Protein chains: 2
Amino acid sequence: MDFSQLLEKRRSIRRFLDKDVSLELVMEIIQDACMAPSAVNGQPWEFIVIRNRPLIKRLSDESKANLIAEIEKNPDCPAVKYESILRDADFNVFYNAPCLVLIAGPRDLHSLEVDCALAACYFMLSAAERGLGTCWIGLGAYISDPILIDAIGLPDSSAIVAPVILGYPETVPPVPARNLPKILKVVS
Amino acid sequence: MDFSQLLEKRRSIRRFLDKDVSLELVMEIIQDACMAPSAVNGQPWEFIVIRNRPLIKRLSDESKANLIAEIEKNPDCPAVKYESILRDADFNVFYNAPCLVLIAGPRDLHSLEVDCALAACYFMLSAAERGLGTCWIGLGAYISDPILIDAIGLPDSSAIVAPVILGYPETVPPVPARNLPKILKVVS
């Protein structure tokens, strides 16, 4: 598979086969993620691997509850456009995926969001290259219950940037039409 | 070239051959960048392509001056560790690259940093796949002079997230040793 084929194969996947992803494979993908560039080569990324569906479901419920509380406090927050699905008790923000990898890092690091996004990008491409599907779940990062924080081993000093679900896709949908690139200016 | 070879070939490049990159090639790489995932498929990225070395040098001088002003105002800011190179008149933050692509987007968008980081990741991999070298220049985003803002066509509503230099590498250095992945916890 060459790079242009890989770009077409990397789709956001939200429907998975009922098949676990081996820990060995997850670790290979994490190794690839660590090849990403980072600000001053800081490699600040940290990984939490969760292959336990009941725990993934609890994390979904926690993130939904925290987002709903945020919406009730601040009706202008970005999460408000998801309010109806967040209030749907049957909706699992992690789409019942068999594996969830949380990419995190030191919360005080200036470049943390960007560094972890680069690692997540490599992670998603590496997974696609191996026939796996992923989706970055922005709604899944809102974990604050101390019991759950302890269950996932997240230190106080770290923040979750990229929750990425991982599994074998039911199907890989075709690439939808993309917007044309928005070129603001060319100066030659 | 398969994906693992591509991961080894994508190095941060700071020394370039004196050879221009064709606009056609830059546009192909931007097309690939637009295949990146983004929050709710917003594709908010905007691109400014600068193949004019005197303008790139002016942008370098502007960004350096703004960072030095920031350091003088706030000696605890993250840029302080670059103070000596920023005060070096001969240092071009863009390493005299023949081409600079600024990846920007709506400054009020919650997910802007992450969305543009994903596009930059795809951009850097696509360039490597084509034998080109890139480096994300975090120090190059601090452009505020209205004359320069106008020269690069950046609207008031947009912010620069990822300045990426592009050119033909003098050499592609071997992959330096990476840190071992930091796995905080595995829950199976």
# chains A, B, ... in the order shown; residues from 1 in each chain; ligands from 1

$ residues_around --residues "Pro173 of chain A" --least-positions-apart "4" --cutoff "9 Å" --atoms "only C-alpha atoms" --output "count of residues only"
4

$ residues_around --residues "segment 41-44 of chain A" --least-positions-apart "4" --cutoff "9 Å" --atoms "only C-alpha atoms" --output "JSON, numbers by chain"
{"A": [34, 35, 36, 37, 104, 105, 106, 109, 112, 115, 116, 119], "B": [178, 179, 182]}

$ write_last_selection --atoms "C-alpha atoms" --output "short mmCIF file (atom, residue, chain, number, x, y, z; two decimals), in the first residue's frame"
data_model
loop_
_atom_site.label_atom_id
_atom_site.label_comp_id
_atom_site.auth_asym_id
_atom_site.auth_seq_id
_atom_site.Cartn_x
_atom_site.Cartn_y
_atom_site.Cartn_z
CA CYS A 34 6.22 7.62 18.88
CA MET A 35 7.95 8.32 15.55
CA ALA A 36 5.92 11.53 15.24
CA PRO A 37 7.72 14.86 15.41
CA ALA A 104 -2.03 12.15 27.23
CA GLY A 105 0.88 14.19 28.55
CA PRO A 106 2.01 16.82 31.05
CA LEU A 109 3.34 21.71 28.58
CA LEU A 112 0.94 19.36 24.53
CA ASP A 115 2.44 17.10 20.14
CA CYS A 116 -0.29 14.62 21.06
CA ALA A 119 1.24 11.21 17.76
CA ARG B 178 13.49 7.49 20.31
CA ASN B 179 12.41 7.28 23.91
CA LYS B 182 5.59 5.69 28.07
#

$ residues_around --residues "Val93 of chain A" --least-positions-apart "4" --cutoff "9 Å" --atoms "only C-alpha atoms" --output "CSV table (one decimal) with N, CA and C atoms, in the first residue's frame"
chain,number,residue,atom,x,y,z
A,57,LYS,N,-17.0,1.6,28.7
A,57,LYS,CA,-18.4,2.1,28.9
A,57,LYS,C,-18.5,3.1,30.1
A,59,LEU,N,-16.1,5.0,31.2
A,59,LEU,CA,-15.5,6.2,30.8
A,59,LEU,C,-16.4,7.0,29.9
A,60,SER,N,-17.1,6.4,29.0
A,60,SER,CA,-18.1,7.1,28.2
A,60,SER,C,-19.2,7.8,29.0
A,61,ASP,N,-19.7,7.0,30.0
A,61,ASP,CA,-20.8,7.6,30.8
A,61,ASP,C,-20.2,8.8,31.6
A,63,SER,N,-17.7,10.8,30.8
A,63,SER,CA,-17.4,11.9,29.9
A,63,SER,C,-18.7,12.6,29.5
A,64,LYS,N,-19.8,11.8,29.2
A,64,LYS,CA,-21.1,12.4,28.9
A,64,LYS,C,-21.6,13.2,30.0
A,85,ILE,N,-27.3,13.8,21.7
A,85,ILE,CA,-26.7,12.4,21.8
A,85,ILE,C,-26.1,12.2,23.2
A,86,LEU,N,-25.6,13.3,23.8
A,86,LEU,CA,-25.1,13.1,25.1
A,86,LEU,C,-26.1,12.7,26.1
A,137,ILE,N,-12.0,10.5,19.4
A,137,ILE,CA,-13.2,10.8,20.1
A,137,ILE,C,-13.1,12.0,21.0
A,138,GLY,N,-13.3,13.2,20.4
A,138,GLY,CA,-13.1,14.4,21.1
A,138,GLY,C,-14.0,14.5,22.4
A,139,LEU,N,-15.2,13.8,22.3
A,139,LEU,CA,-16.1,13.8,23.4
A,139,LEU,C,-15.7,12.9,24.6
A,140,GLY,N,-14.6,12.2,24.4
A,140,GLY,CA,-14.3,11.2,25.4
A,140,GLY,C,-13.2,11.6,26.3

$ select_by_dssp --residues "segment 117-167 of chain A" --states "helix (DSSP H, G or I)" --output "PyMOL selection string"
chain A and resi 117-129+138-140+146-152

$ residues_around --residues "Ile152 of chain A" --least-positions-apart "2" --cutoff "9 Å" --atoms "only C-alpha atoms" --output "ChimeraX atom specification"
/A:48-50,55,147-150,154 /B:184-187

$ residues_around --residues "Leu166 of chain A" --least-positions-apart "2" --cutoff "7 Å" --atoms "only C-alpha atoms" --output "VMD selection string"
chain A and resid 97 to 100 132 to 134 164

$ atom_distance --atom1 "atom CA of His110 of chain A" --atom2 "atom CA of Ile165 of chain A"
25.4 Å

$ select_by_dssp --residues "segment 41-164 of chain A" --states "strand (DSSP E or B)" --output "PyMOL selection string"
chain A and resi 46-50+99-106+133-136+158-164

$ atom_distance --atom1 "atom CA of Gly131 of chain A" --atom2 "atom CA of Ile29 of chain A"
11.5 Å

$ closest_residue --among "A:Asp20, A:Asp76, A:Glu113, A:Asp108" --to "chain B" --atoms "only C-alpha atoms"
A:Glu113

$ decode --residues "segment 48-93 of chain B" --atoms "C-alpha atoms" --output "mmCIF file, in the first residue's frame"
data_model
loop_
_atom_site.group_PDB
_atom_site.id
_atom_site.type_symbol
_atom_site.label_atom_id
_atom_site.label_comp_id
_atom_site.auth_asym_id
_atom_site.auth_seq_id
_atom_site.Cartn_x
_atom_site.Cartn_y
_atom_site.Cartn_z
ATOM 1 C CA ILE B 48 -0.601 30.375 2.623
ATOM 2 C CA VAL B 49 2.214 29.407 0.266
ATOM 3 C CA ILE B 50 5.331 31.592 0.250
ATOM 4 C CA ARG B 51 8.072 30.834 -2.262
ATOM 5 C CA ASN B 52 9.676 34.245 -2.001
ATOM 6 C CA ARG B 53 12.864 34.167 0.075
ATOM 7 C CA PRO B 54 12.993 37.883 0.936
ATOM 8 C CA LEU B 55 9.439 37.681 2.309
ATOM 9 C CA ILE B 56 10.281 34.521 4.257
ATOM 10 C CA LYS B 57 13.250 36.399 5.752
ATOM 11 C CA ARG B 58 11.007 39.346 6.725
ATOM 12 C CA LEU B 59 8.576 36.934 8.400
ATOM 13 C CA SER B 60 11.480 35.402 10.311
ATOM 14 C CA ASP B 61 12.651 38.832 11.511
ATOM 15 C CA GLU B 62 9.092 39.745 12.526
ATOM 16 C CA SER B 63 8.510 36.546 14.472
ATOM 17 C CA LYS B 64 11.890 36.904 16.240
ATOM 18 C CA ALA B 65 11.173 40.519 17.203
ATOM 19 C CA ASN B 66 7.738 39.602 18.590
ATOM 20 C CA LEU B 67 9.127 36.695 20.570
ATOM 21 C CA ILE B 68 11.898 38.861 22.034
ATOM 22 C CA ALA B 69 9.296 41.459 23.021
ATOM 23 C CA GLU B 70 7.284 38.671 24.677
ATOM 24 C CA ILE B 71 10.350 37.422 26.571
ATOM 25 C CA GLU B 72 11.085 40.957 27.783
ATOM 26 C CA LYS B 73 7.495 41.325 28.970
ATOM 27 C CA ASN B 74 7.235 37.861 30.494
ATOM 28 C CA PRO B 75 10.564 36.185 31.336
ATOM 29 C CA ASP B 76 8.709 32.960 32.207
ATOM 30 C CA CYS B 77 7.215 32.482 28.752
ATOM 31 C CA PRO B 78 8.057 29.281 26.839
ATOM 32 C CA ALA B 79 10.136 31.198 24.249
ATOM 33 C CA VAL B 80 12.741 32.172 26.819
ATOM 34 C CA LYS B 81 14.768 29.054 26.167
ATOM 35 C CA TYR B 82 15.358 30.273 22.601
ATOM 36 C CA GLU B 83 16.445 33.760 23.608
ATOM 37 C CA SER B 84 20.054 33.498 22.454
ATOM 38 C CA ILE B 85 19.220 32.287 18.941
ATOM 39 C CA LEU B 86 16.370 34.784 18.665
ATOM 40 C CA ARG B 87 18.858 37.574 19.386
ATOM 41 C CA ASP B 88 21.248 36.269 16.716
ATOM 42 C CA ALA B 89 20.697 38.561 13.707
ATOM 43 C CA ASP B 90 21.958 35.856 11.324
ATOM 44 C CA PHE B 91 19.508 33.230 12.520
ATOM 45 C CA ASN B 92 16.580 32.677 10.171
ATOM 46 C CA VAL B 93 13.872 30.764 12.029
#
